[in-house]
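**Q** You'll find work-v5.cif just under this line, and it carries mmCIF, C-alpha atoms.
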data_final
loop_
_atom_site.label_atom_id
_atom_site.label_comp_id
_atom_site.auth_asym_id
_atom_site.auth_seq_id
_atom_site.Cartn_x
_atom_site.Cartn_y
_atom_site.Cartn_z
CA MET A 216 -14.68 -75.62 -56.21
CA LEU A 217 -12.29 -75.50 -59.18
CA TRP A 218 -15.32 -75.83 -61.45
CA TRP A 219 -17.04 -72.84 -59.86
CA VAL A 220 -13.86 -70.70 -60.06
CA SER A 221 -13.15 -71.66 -63.69
CA TYR A 222 -16.74 -70.99 -64.70
CA ARG A 223 -16.75 -67.54 -63.06
CA ILE A 224 -13.36 -66.59 -64.58
CA LEU A 225 -14.62 -67.60 -68.03
CA LEU A 226 -17.78 -65.56 -67.57
CA VAL A 227 -15.76 -62.49 -66.53
CA VAL A 228 -13.24 -62.88 -69.40
CA SER A 229 -15.97 -63.28 -72.03
CA THR A 230 -17.91 -60.27 -70.68
CA VAL A 231 -14.76 -58.12 -70.66
CA SER A 232 -13.90 -59.23 -74.22
CA VAL A 233 -17.33 -58.32 -75.54
CA PHE A 234 -17.14 -54.95 -73.75
CA ALA A 235 -13.63 -54.31 -75.17
CA VAL A 236 -14.76 -55.06 -78.74
CA THR A 237 -17.66 -52.64 -78.30
CA MET A 238 -15.29 -49.98 -76.99
CA ILE A 239 -12.88 -50.47 -79.90
CA GLY A 240 -15.81 -50.05 -82.28
CA ALA A 241 -16.65 -46.76 -80.59
CA ILE A 242 -12.99 -45.60 -80.60
CA LEU A 243 -12.78 -46.21 -84.35
CA GLN A 244 -15.60 -43.68 -84.83
CA THR A 245 -13.92 -40.97 -82.78
CA ASP A 246 -11.21 -38.39 -83.60
CA ALA A 247 -8.24 -39.05 -81.28
CA LYS A 248 -7.05 -35.41 -81.50
CA HIS A 249 -9.92 -34.24 -79.28
CA TRP A 250 -9.04 -36.53 -76.36
CA GLY A 251 -5.96 -34.76 -74.91
CA PHE A 252 -3.65 -37.09 -72.99
CA LEU A 253 -5.55 -40.14 -74.31
CA GLU A 254 -4.69 -39.26 -77.90
CA THR A 255 -1.68 -41.61 -78.16
CA THR A 256 -3.56 -44.52 -76.62
CA LEU A 257 -6.58 -44.02 -78.86
CA LYS A 258 -4.38 -43.68 -81.96
CA LEU A 259 -2.60 -46.91 -81.09
CA THR A 260 -5.95 -48.66 -80.53
CA GLN A 261 -7.25 -47.42 -83.87
CA ASP A 262 -4.08 -48.60 -85.67
CA TRP A 263 -4.30 -52.08 -84.16
CA ALA A 264 -8.11 -52.32 -84.00
CA TRP A 265 -8.29 -55.01 -86.72
CA LEU A 266 -5.97 -57.31 -84.75
CA LEU A 267 -7.56 -56.54 -81.36
CA ILE A 268 -11.05 -57.26 -82.70
CA ILE A 269 -9.93 -60.59 -84.18
CA VAL A 270 -8.11 -61.67 -80.99
CA LEU A 271 -10.90 -60.57 -78.64
CA SER A 272 -13.54 -62.25 -80.81
CA LEU A 273 -11.55 -65.48 -80.68
CA VAL A 274 -11.22 -65.17 -76.89
CA THR A 275 -15.00 -64.62 -76.59
CA ALA A 276 -15.72 -67.63 -78.79
CA ALA A 277 -13.27 -69.81 -76.83
CA CYS A 278 -14.81 -68.73 -73.51
CA ALA A 279 -18.33 -69.40 -74.83
CA GLY A 280 -17.22 -72.86 -75.96
CA LEU A 281 -15.64 -73.66 -72.60
CA ILE A 282 -18.67 -72.33 -70.71
CA GLN A 283 -20.88 -74.59 -72.82
CA PHE A 284 -18.50 -77.53 -72.27
CA LEU A 285 -18.30 -77.08 -68.49
CA GLY A 286 -21.98 -76.27 -67.97
CA PRO A 287 -23.32 -74.24 -65.06
CA PRO A 288 -21.76 -75.68 -61.87
CA TRP A 289 -24.86 -75.00 -59.77
CA VAL A 290 -26.86 -77.27 -62.12
CA TRP A 291 -24.30 -80.05 -61.82
CA ASP A 292 -24.23 -79.69 -58.03
CA SER A 293 -28.00 -80.23 -58.07
CA VAL A 294 -27.62 -83.21 -60.40
CA ARG A 295 -25.11 -84.80 -58.01
CA GLU A 296 -27.47 -84.20 -55.10
CA THR A 297 -30.25 -85.87 -57.09
CA LEU A 298 -28.04 -88.87 -57.83
CA ASN A 299 -27.28 -89.13 -54.10
CA ARG A 300 -31.01 -89.14 -53.35
CA ILE A 301 -31.61 -91.79 -56.01
CA ARG A 302 -28.88 -93.89 -54.38
CA ASP A 303 -30.47 -93.50 -50.94
CA ARG A 304 -33.91 -94.49 -52.21
CA ALA A 305 -33.27 -97.15 -54.84
CA PHE A 306 -30.88 -99.51 -53.02
CA THR A 307 -32.12 -101.63 -50.14
CA GLY A 308 -30.19 -103.39 -47.37
CA ILE A 309 -26.96 -101.49 -47.91
CA ASP A 310 -26.63 -99.91 -44.46
CA GLY A 311 -23.04 -100.00 -43.27
CA ASP A 312 -21.56 -100.66 -46.72
CA PRO A 313 -19.02 -98.20 -48.12
CA THR A 314 -20.66 -95.58 -50.36
CA HIS A 315 -18.74 -96.61 -53.46
CA HIS A 316 -20.04 -100.19 -53.27
CA HIS A 317 -23.45 -98.97 -54.46
CA ARG A 318 -23.28 -96.11 -56.90
CA VAL A 319 -25.41 -94.10 -59.29
CA THR A 320 -23.77 -92.71 -62.43
CA LEU A 321 -25.28 -90.44 -65.05
CA PHE A 322 -24.10 -91.14 -68.59
CA ARG A 323 -24.66 -88.81 -71.51
CA ARG A 324 -24.53 -89.94 -75.12
CA LYS A 325 -22.01 -87.77 -76.93
CA TRP A 326 -18.66 -87.67 -78.68
CA CYS A 327 -15.81 -89.26 -76.75
CA TRP A 328 -12.75 -87.14 -77.41
CA TYR A 329 -10.36 -89.15 -75.26
CA PRO A 330 -9.26 -92.66 -76.29
CA PRO A 331 -11.59 -95.13 -74.54
CA SER A 332 -10.03 -97.26 -71.87
CA PRO A 333 -9.58 -100.15 -72.30
CA ALA A 334 -8.74 -99.69 -75.97
CA ARG A 335 -11.26 -101.42 -78.25
CA HIS A 336 -8.52 -102.22 -80.78
CA ARG A 337 -4.76 -102.59 -80.55
CA PHE A 338 -4.02 -99.79 -83.04
CA TRP A 339 -7.14 -97.65 -82.72
CA SER A 340 -8.60 -97.10 -79.26
CA TRP A 341 -12.16 -96.40 -80.46
CA GLY A 342 -12.21 -99.78 -82.20
CA ILE A 343 -13.20 -101.04 -85.62
CA GLY A 344 -16.77 -102.16 -86.28
CA THR A 345 -18.51 -103.98 -89.10
CA LEU A 346 -19.19 -100.63 -90.79
CA GLY A 347 -15.56 -99.45 -90.58
CA PRO A 348 -13.41 -97.67 -88.04
CA ARG A 349 -15.21 -96.12 -85.11
CA GLY A 350 -14.14 -92.81 -83.67
CA PRO A 351 -15.02 -90.08 -81.19
CA TRP A 352 -18.09 -89.36 -83.35
CA SER A 353 -19.50 -92.89 -83.18
CA GLY A 354 -21.78 -92.24 -80.19
CA TRP A 355 -20.50 -93.09 -76.71
CA MET A 356 -22.13 -93.19 -73.34
CA VAL A 357 -19.78 -90.92 -71.38
CA PRO A 358 -20.03 -90.60 -67.57
CA VAL A 359 -20.83 -87.01 -66.60
CA MET A 360 -21.70 -87.28 -62.90
CA ARG A 361 -21.61 -89.84 -60.11
CA SER A 362 -23.16 -90.08 -56.66
CA GLY A 363 -21.18 -90.05 -53.41
CA HIS A 364 -17.88 -88.50 -52.50
CA THR A 365 -15.57 -91.36 -53.53
CA THR A 366 -14.68 -92.90 -56.93
CA ARG A 367 -16.19 -89.88 -58.65
CA GLN A 368 -13.50 -89.84 -61.29
CA CYS A 369 -14.89 -92.15 -63.95
CA TRP A 370 -13.58 -92.47 -67.48
CA THR A 371 -15.18 -95.74 -68.57
CA VAL A 372 -17.24 -95.22 -71.71
CA TYR A 373 -19.58 -97.58 -73.57
CA LEU A 374 -20.36 -97.65 -77.27
CA ALA A 375 -23.92 -96.64 -78.21
CA SER A 376 -23.74 -96.25 -81.96
CA ASP A 377 -26.88 -95.38 -83.91
CA ARG A 378 -25.39 -96.81 -87.12
CA ASP A 379 -24.17 -100.09 -85.69
CA VAL A 380 -26.95 -100.61 -83.13
CA GLU A 381 -26.22 -104.26 -82.38
CA SER A 382 -22.74 -103.39 -81.16
CA SER A 383 -23.97 -101.27 -78.24
CA GLU A 384 -21.95 -102.07 -75.13
CA GLY A 385 -23.12 -102.87 -71.63
CA ILE A 386 -26.45 -102.39 -69.94
CA VAL A 387 -26.09 -98.65 -70.53
CA GLY A 388 -25.92 -99.19 -74.30
CA LEU A 389 -28.86 -101.59 -74.12
CA ALA A 390 -31.03 -99.11 -72.19
CA TRP A 391 -30.19 -96.38 -74.68
CA GLN A 392 -30.88 -98.66 -77.63
CA THR A 393 -34.24 -99.97 -76.34
CA ASN A 394 -35.39 -96.95 -74.30
CA GLN A 395 -36.34 -99.37 -71.53
CA VAL A 396 -35.33 -99.78 -67.91
CA GLN A 397 -33.06 -102.83 -67.60
CA ILE A 398 -32.03 -104.67 -64.43
CA MET A 399 -29.63 -107.61 -64.32
CA GLU A 400 -27.60 -109.61 -61.82
CA LEU A 401 -24.17 -110.97 -62.65
CA PRO A 402 -21.81 -113.61 -61.24
CA GLU A 403 -18.96 -112.69 -58.92
CA ILE A 404 -15.60 -111.85 -60.43
CA THR A 405 -12.44 -111.49 -58.35
CA GLY A 406 -8.72 -111.37 -58.99
CA LEU A 407 -8.71 -115.17 -58.74
CA SER A 408 -11.38 -115.71 -61.42
CA THR A 409 -10.39 -117.84 -64.39
CA LEU A 410 -10.38 -116.61 -68.00
CA ASP A 411 -13.52 -118.68 -68.64
CA GLN A 412 -15.33 -117.01 -65.75
CA ILE A 413 -14.24 -113.60 -67.01
CA ALA A 414 -15.45 -114.44 -70.52
CA ASP A 415 -18.80 -115.64 -69.13
CA TYR A 416 -19.23 -112.45 -67.09
CA ALA A 417 -18.33 -110.32 -70.12
CA ARG A 418 -20.85 -112.12 -72.34
CA ARG A 419 -23.63 -111.60 -69.81
CA ALA A 420 -22.67 -107.97 -69.20
CA MET A 421 -22.50 -107.35 -72.98
CA VAL A 422 -18.91 -106.15 -73.03
CA SER A 423 -15.73 -107.75 -74.34
CA PRO A 424 -13.63 -110.13 -72.19
CA SER A 425 -10.71 -107.71 -72.52
CA PHE A 426 -12.94 -105.01 -71.01
CA VAL A 427 -13.59 -107.12 -67.89
CA GLY A 428 -9.99 -108.38 -67.81
CA TYR A 429 -8.77 -104.80 -67.81
CA ARG A 430 -10.94 -103.98 -64.79
CA VAL A 431 -9.79 -107.06 -62.90
CA LYS A 432 -6.11 -106.30 -63.59
CA ALA A 433 -6.62 -102.68 -62.51
CA GLY A 434 -8.11 -103.91 -59.22
CA LYS A 435 -11.53 -102.43 -60.02
CA ALA A 436 -14.61 -104.25 -58.79
CA CYS A 437 -17.04 -105.81 -61.25
CA PRO A 438 -20.66 -105.06 -60.26
CA ARG A 439 -23.06 -107.87 -59.34
CA THR A 440 -26.25 -105.84 -59.87
CA LEU A 441 -26.84 -103.33 -62.65
CA CYS A 442 -29.84 -101.17 -63.40
CA ALA A 443 -30.09 -98.70 -66.28
CA ILE A 444 -32.82 -96.04 -66.56
CA PRO A 445 -33.13 -93.88 -69.71
CA VAL A 446 -33.19 -90.11 -69.21
CA GLU A 447 -35.07 -87.86 -71.60
CA VAL A 448 -34.61 -84.12 -71.97
CA ASN A 449 -36.95 -82.12 -74.20
CA ASN A 450 -38.69 -85.37 -75.11
CA ARG A 451 -35.56 -86.91 -76.61
CA ILE A 452 -33.38 -89.57 -75.04
CA TRP A 453 -30.43 -87.68 -73.50
CA GLY A 454 -28.59 -90.30 -71.51
CA VAL A 455 -28.92 -93.12 -69.04
CA ILE A 456 -28.67 -93.41 -65.24
CA VAL A 457 -26.83 -96.55 -64.15
CA LEU A 458 -27.14 -98.01 -60.66
CA ASP A 459 -24.38 -100.48 -59.90
CA SER A 460 -23.92 -102.56 -56.79
CA ARG A 461 -21.27 -105.00 -55.61
CA ARG A 462 -23.94 -107.26 -54.13
CA THR A 463 -27.00 -108.99 -55.52
CA GLY A 464 -30.50 -108.35 -54.19
CA THR A 465 -29.88 -104.67 -53.48
CA ILE A 466 -32.55 -103.43 -55.89
CA ASN A 467 -36.03 -104.48 -54.84
CA TYR A 468 -37.91 -103.85 -58.06
CA GLN A 469 -40.92 -105.87 -56.84
CA ALA A 470 -41.66 -103.36 -54.06
CA PRO A 471 -44.58 -100.97 -54.74
CA GLU A 472 -42.33 -97.97 -54.00
CA TRP A 473 -39.97 -98.97 -56.83
CA ALA A 474 -42.39 -97.41 -59.37
CA ALA A 475 -42.12 -94.13 -57.44
CA HIS A 476 -38.29 -94.37 -57.46
CA LEU A 477 -38.38 -95.04 -61.18
CA ARG A 478 -40.39 -91.88 -61.77
CA PHE A 479 -38.52 -89.65 -59.31
CA ALA A 480 -35.13 -89.79 -61.00
CA PRO A 481 -36.06 -89.03 -64.61
CA GLN A 482 -38.65 -86.44 -63.64
CA THR A 483 -36.17 -84.43 -61.57
CA LEU A 484 -33.25 -84.75 -63.97
CA ALA A 485 -35.28 -83.94 -67.10
CA ASP A 486 -36.05 -80.48 -65.71
CA MET A 487 -32.53 -79.82 -64.45
CA LEU A 488 -30.73 -80.82 -67.61
CA LYS A 489 -32.70 -78.65 -70.00
CA GLY A 490 -30.27 -76.33 -71.74
CA VAL A 491 -27.14 -78.08 -70.40
CA MET B 203 -63.73 -80.67 -69.19
CA ARG B 204 -63.75 -83.74 -66.95
CA GLU B 205 -61.19 -84.39 -64.21
CA TRP B 206 -58.02 -86.39 -64.75
CA ILE B 207 -58.20 -89.99 -63.57
CA GLN B 208 -54.97 -91.02 -61.81
CA VAL B 209 -53.35 -94.29 -62.84
CA ASN B 210 -51.06 -96.45 -60.74
CA PRO B 211 -47.65 -96.73 -62.45
CA HIS B 212 -46.74 -99.78 -60.34
CA GLU B 213 -49.77 -101.68 -61.66
CA LEU B 214 -49.05 -100.55 -65.17
CA ASN B 215 -45.31 -101.13 -65.35
CA LYS B 216 -44.69 -104.70 -64.28
CA PRO B 217 -41.30 -106.13 -65.23
CA LYS B 218 -40.97 -108.54 -68.14
CA VAL B 219 -38.17 -111.06 -68.04
CA GLU B 220 -36.02 -111.21 -71.17
CA ARG B 221 -33.19 -113.69 -71.50
CA ARG B 222 -30.15 -112.21 -73.20
CA ASN B 223 -26.69 -113.79 -73.40
CA GLY B 224 -27.66 -116.30 -70.73
CA VAL B 225 -28.77 -113.77 -68.16
CA ASP B 226 -32.32 -112.92 -67.12
CA ILE B 227 -32.96 -109.21 -67.49
CA GLN B 228 -35.90 -107.50 -65.81
CA VAL B 229 -37.26 -105.03 -68.31
CA PHE B 230 -39.56 -102.10 -67.51
CA VAL B 231 -41.12 -99.57 -69.87
CA SER B 232 -39.38 -96.19 -69.62
CA PRO B 233 -41.07 -94.10 -66.89
CA TYR B 234 -41.50 -91.30 -69.44
CA ASP B 235 -43.75 -93.61 -71.47
CA ILE B 236 -46.13 -94.47 -68.63
CA PRO B 237 -49.04 -92.01 -68.41
CA ASP B 238 -49.75 -90.78 -64.89
CA ALA B 239 -53.34 -89.79 -65.65
CA VAL B 240 -56.03 -90.11 -68.30
CA ARG B 241 -59.30 -88.30 -69.00
CA GLY B 242 -62.19 -88.73 -71.40
CA ASN B 243 -64.43 -85.97 -72.64
CA TYR B 244 -67.24 -85.74 -75.16
CA ASP B 245 -66.82 -82.76 -77.50
CA GLN B 246 -70.43 -81.82 -78.35
CA SER B 247 -69.51 -79.40 -81.13
CA ARG B 248 -67.39 -81.86 -83.12
CA ARG B 249 -69.29 -84.93 -81.91
CA VAL B 250 -66.10 -86.78 -81.02
CA PHE B 251 -65.02 -88.43 -77.80
CA VAL B 252 -61.54 -87.27 -76.79
CA VAL B 253 -59.20 -89.34 -74.60
CA ASP B 254 -56.12 -87.48 -73.28
CA PHE B 255 -53.07 -89.03 -71.63
CA ARG B 256 -50.81 -87.08 -69.26
CA TYR B 257 -47.08 -87.80 -68.84
CA LEU B 258 -44.08 -86.79 -66.74
CA ALA B 259 -42.94 -84.53 -69.56
CA ASP B 260 -46.00 -82.98 -71.13
CA ASP B 261 -44.63 -80.00 -72.98
CA GLU B 262 -44.50 -80.84 -76.66
CA ASP B 263 -46.58 -80.27 -79.77
CA LYS B 264 -48.86 -83.07 -80.91
CA VAL B 265 -49.18 -84.35 -84.46
CA GLU B 266 -51.65 -86.78 -86.01
CA HIS B 267 -50.26 -90.26 -86.49
CA GLY B 268 -52.09 -93.29 -87.90
CA GLY B 269 -55.78 -93.98 -87.37
CA ASP B 270 -58.63 -93.77 -89.87
CA GLU B 271 -61.76 -91.69 -90.54
CA HIS B 272 -63.36 -92.84 -87.26
CA ILE B 273 -60.41 -92.71 -84.88
CA LYS B 274 -57.55 -90.22 -84.89
CA TYR B 275 -54.35 -90.56 -82.89
CA PHE B 276 -52.15 -87.68 -81.82
CA VAL B 277 -48.55 -88.30 -80.75
CA GLY B 278 -45.76 -86.04 -79.49
CA ARG B 279 -43.81 -84.43 -82.30
CA GLU B 280 -40.46 -85.49 -80.83
CA SER B 281 -41.27 -88.34 -78.48
CA ARG B 282 -43.98 -90.07 -80.59
CA ARG B 283 -45.78 -90.85 -77.30
CA LEU B 284 -49.55 -91.28 -77.60
CA HIS B 285 -51.15 -88.13 -76.19
CA ARG B 286 -54.69 -88.05 -77.54
CA ILE B 287 -57.30 -90.20 -79.23
CA GLU B 288 -60.35 -88.73 -80.94
CA ILE B 289 -63.20 -91.14 -81.57
CA ASP B 290 -66.16 -90.57 -83.86
CA VAL B 291 -68.80 -92.03 -81.56
CA ASP B 292 -71.60 -91.48 -84.09
CA ARG B 293 -70.04 -94.02 -86.39
CA LEU B 294 -68.62 -96.44 -83.87
CA ASP B 295 -70.78 -98.60 -81.64
CA VAL B 296 -70.64 -96.82 -78.27
CA ASN B 297 -70.44 -100.01 -76.25
CA ALA B 298 -67.53 -101.24 -78.30
CA VAL B 299 -65.52 -98.02 -78.25
CA GLY B 300 -63.05 -99.18 -75.60
CA LEU B 301 -62.56 -102.50 -77.38
CA GLU B 302 -62.19 -100.84 -80.75
CA VAL B 303 -59.59 -98.40 -79.48
CA ASN B 304 -57.57 -101.17 -77.91
CA LYS B 305 -57.60 -103.11 -81.14
CA VAL B 306 -56.39 -100.12 -83.11
CA ILE B 307 -53.73 -99.24 -80.53
CA ALA B 308 -52.34 -102.73 -80.91
CA ASN B 309 -52.00 -102.06 -84.64
CA LEU B 310 -50.79 -98.49 -84.29
CA PRO B 311 -47.86 -98.17 -86.66
CA GLU B 312 -44.46 -97.82 -85.00
CA ALA B 313 -42.95 -94.40 -85.45
CA ASP B 314 -40.30 -94.37 -88.14
CA ARG B 315 -37.60 -93.46 -85.68
CA ARG B 316 -35.94 -94.85 -82.60
CA PRO B 317 -36.43 -95.31 -79.75
CA SER B 318 -39.42 -97.60 -79.99
CA ARG B 319 -42.63 -96.43 -78.26
CA ARG B 320 -44.32 -99.81 -78.36
CA GLY B 321 -44.24 -99.93 -74.53
CA ASN B 322 -46.05 -96.59 -74.42
CA TYR B 323 -48.77 -97.74 -76.82
CA GLU B 324 -49.28 -100.93 -74.84
CA ALA B 325 -49.49 -98.99 -71.55
CA ALA B 326 -52.07 -96.64 -73.07
CA GLY B 327 -54.06 -99.65 -74.26
CA ARG B 328 -54.00 -101.20 -70.78
CA ILE B 329 -55.21 -97.93 -69.24
CA LEU B 330 -58.13 -97.81 -71.65
CA GLU B 331 -58.98 -101.38 -70.73
CA ASN B 332 -58.71 -100.80 -66.97
CA LYS B 333 -60.45 -97.41 -66.89
CA LYS B 334 -63.02 -98.12 -69.58
CA GLU B 335 -66.04 -97.70 -67.29
CA GLU B 336 -64.90 -94.36 -65.89
CA LEU B 337 -63.68 -92.98 -69.19
CA PHE B 338 -66.62 -93.79 -71.40
CA ALA B 339 -69.35 -93.20 -68.80
CA THR B 340 -70.60 -90.05 -70.53
CA VAL B 341 -70.84 -91.77 -73.92
CA GLY B 342 -72.83 -94.67 -72.52
CA GLY B 343 -75.09 -92.30 -70.61
#
Transcribe the structure of this file into structure tokens.
**A**
Amino acid sequence: MLWWVSYRILLVVSTVSVFAVTMIGAILQTDAKHWGFLETTLKLTQDWAWLLIIVLSLVTAACAGLIQFLGPPWVWDSVRETLNRIRDRAFTGIDGDPTHHHRVTLFRRKWCWYPPSPARHRFWSWGIGTLGPRGPWSGWMVPVMRSGHTTRQCWTVYLASDRDVESSEGIVGLAWQTNQVQIMELPEITGLSTLDQIADYARRAMVSPSFVGYRVKAGKACPRTLCAIPVEVNNRIWGVIVLDSRRTGTINYQAPEWAAHLRFAPQTLADMLKGV
Amino acid sequence: MREWIQVNPHELNKPKVERRNGVDIQVFVSPYDIPDAVRGNYDQSRRVFVVDFRYLADDEDKVEHGGDEHIKYFVGRESRRLHRIEIDVDRLDVNAVGLEVNKVIANLPEADRRPSRRGNYEAAGRILENKKEELFATVGG
């Protein structure tokens, strides 16, 4: 709801700004003396036109940037609905489980402006790689939408650098790097797991032990089944859909209908995400 | 122009098991790289046999990539997916066309950019193998 309201306000403000700049341009070409009671107002506008045009242009640019950043809310509503449908189709034997135990998240590869959590390095949250310090620009898989109505706030990002390819993190980084669909099952991790078990899980999941340790400490569940499907838009890899489940055996990739599920998601999303 | 021949993506995209960091990963080719249909057509005017592949996203320009004077390959400008093969059937032995194409697809140079499209080239090769009879019927006849 907030998204819709913000988007509409930004659209109105940017339209009004463009209209105001056009009007100021017209006022500059007119003689204020011929406009009777409006003379003072027009004179004032003409005197301050340079400042008004600069300010209004900046407002228009800022609105355009925010509109681009937010994206059309109706598109994202459709994307969420598609993720819900993927969740309903792709997982098997999950009837009765809470929605957030089996989720579908859409990641987009882009800059990560906020410091990744957990921090990849003690003094520099984005971490330091073999090719030097990483940063927001290094290429991160950032969650942009998630299925369901719970645990939709997701800030966990994964490195997917195109310079330091081998350092890609998680199944999401692997799917982006290889452009292949990847499915894996992982051991169970709980609050009682030992450091060795956490390290083993992290190695298999292709993240650092501190990454898993952070999740365990924060009381977040560590998935047992992961599936990553690349998403292409305009024939270029755009992002990755990740299916995660707290149980094993919930993705029946041997079933004939799995091929149809695999095609449904990317086909639908590729059309929706054009221009976003 | 002949009709498209549908292909079964389930048959074509079987998982491969790759062991990485001690865990078995089921790996599938990206669904964008699996053609959903193929068709073969003999172009009388140019005397070439044309094989076209159809994909989920089929809206990009094609450019020539690899091949030789007898076989030309056309891939997507952005995706580098294999979209078309043109075969000089006057020069190549008609009965061996399917075999020849498969051999060349196996040696088709990787595009000089990521992501890899090897899975796409292999899938196209398997389609040619499986649909050989239907595709090249007009050449044989």
**Q** Which residues would end up in the selection if the PyMOL selection byres ((chain A) within 8 of (chain B)) were applied here, given that I need the answer as a ChimeraX atom specification?
**A** /A:392-401,418-419,421,444-445,447,449-451,471-475,477-478,481-482
**Q** Please report the interatomic distance between CA of Gly354 (chain A) and CA of Ala334 (chain A) in Å with one decimal.
**A** 15.6 Å
**Q** Please provide the set of residues having any atom within 9 Å of region 273-290 of chain A, restricted to only C-alpha atoms, with same-chain residues fewer than 4 positions apart removed, written as a list of chain:residue names.
**A** A:Trp218, A:Trp219, A:Ser221, A:Tyr222, A:Leu225, A:Leu226, A:Val228, A:Ser229, A:Thr230, A:Val231, A:Ser232, A:Val233, A:Ile268, A:Ile269, A:Val294, A:Arg295, A:Met487, A:Leu488, A:Val491
**Q** Could you pull out every residue with an atom within 12 Å of (-14.0, -108.8, -76.3), file coordinates, counting only C-alpha atoms, and send them as a list in words?
**A**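 Residues close enough to count: Pro333, Ala334, Arg335, His336, Arg337, Gly342, Ser382, Glu384, Gly385, Leu410, Ile413, Ala414, Asp415, Tyr416, Ala417, Arg418, Arg419, Ala420, Met421, Val422, Ser423, Pro424, Ser425, Phe426, Val427, Gly428 and Tyr429 of chain A.
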**Q** Could you spell out the hits of the PyMOL selection byres ((chain A and resi 302-310) around 7) on the shown file, as a ChimeraX atom specification?
**A** /A:298-301,311-312,318-319,465-467,476
**Q** Closest to Gln244 (chain A) among A:Val359, A:Leu321, A:Leu257, A:Leu217, using all atoms listed in the file?
**A**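 Among the listed residues, A:Leu257 lies closest to Gln244 (chain A).
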**Q** Expressed in Å to a single decimal, how great is the separation between CA of Leu346 (chain A) and CA of Gly388 (chain A)?
**A**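 So the two atoms, CA of Leu346 (chain A) and CA of Gly388 (chain A), lie 17.9 Å apart.
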**Q** For the provided coordinates, the residues matched by the PyMOL selection byres ((chain A and resi 238) around 12) should be stated as number ranges by chain.
**A** A: 231-237, 239-245, 257, 260-261, 264, 267-268, 271
**Q** Select, from B:Arg249, B:Arg204, B:Arg241, B:His267, the residue with the minimum atom-to-atom distance to Lys334 (chain B), counting all atoms listed in the file.
**A**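 Of B:Arg249, B:Arg204, B:Arg241, B:His267, the one nearest Lys334 (chain B) is B:Arg241, counting all atoms listed in the file.
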**Q** Would you kindly identify which residues have an atom no farther than 9 Å from (-59.7, -88.2, -83.0), using only C-alpha atoms and the file's own coordinates, and write them out as a PyMOL selection string?
**A** chain B and resi 250-253+266+269-276+286-290
**Q** I need the residues from that last selection saved to file as an mmCIF file, in the coordinates of the input (with C-alpha atoms), if you can.
**A**
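Done, and the output landed in again24.cif:
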data_model
loop_
_atom_site.group_PDB
_atom_site.id
_atom_site.type_symbol
_atom_site.label_atom_id
_atom_site.label_comp_id
_atom_site.auth_asym_id
_atom_site.auth_seq_id
_atom_site.Cartn_x
_atom_site.Cartn_y
_atom_site.Cartn_z
ATOM 1 C CA VAL B 250 -66.100 -86.780 -81.020
ATOM 2 C CA PHE B 251 -65.020 -88.430 -77.800
ATOM 3 C CA VAL B 252 -61.540 -87.270 -76.790
ATOM 4 C CA VAL B 253 -59.200 -89.340 -74.600
ATOM 5 C CA GLU B 266 -51.650 -86.780 -86.010
ATOM 6 C CA GLY B 269 -55.780 -93.980 -87.370
ATOM 7 C CA ASP B 270 -58.630 -93.770 -89.870
ATOM 8 C CA GLU B 271 -61.760 -91.690 -90.540
ATOM 9 C CA HIS B 272 -63.360 -92.840 -87.260
ATOM 10 C CA ILE B 273 -60.410 -92.710 -84.880
ATOM 11 C CA LYS B 274 -57.550 -90.220 -84.890
ATOM 12 C CA TYR B 275 -54.350 -90.560 -82.890
ATOM 13 C CA PHE B 276 -52.150 -87.680 -81.820
ATOM 14 C CA ARG B 286 -54.690 -88.050 -77.540
ATOM 15 C CA ILE B 287 -57.300 -90.200 -79.230
ATOM 16 C CA GLU B 288 -60.350 -88.730 -80.940
ATOM 17 C CA ILE B 289 -63.200 -91.140 -81.570
ATOM 18 C CA ASP B 290 -66.160 -90.570 -83.860
#
**Q** One decimal, in Å: what's the spacing between CA of Thr314 (chain A) and CA of Arg461 (chain A)?
**A**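 Separation between CA of Thr314 (chain A) and CA of Arg461 (chain A): 10.8 Å.
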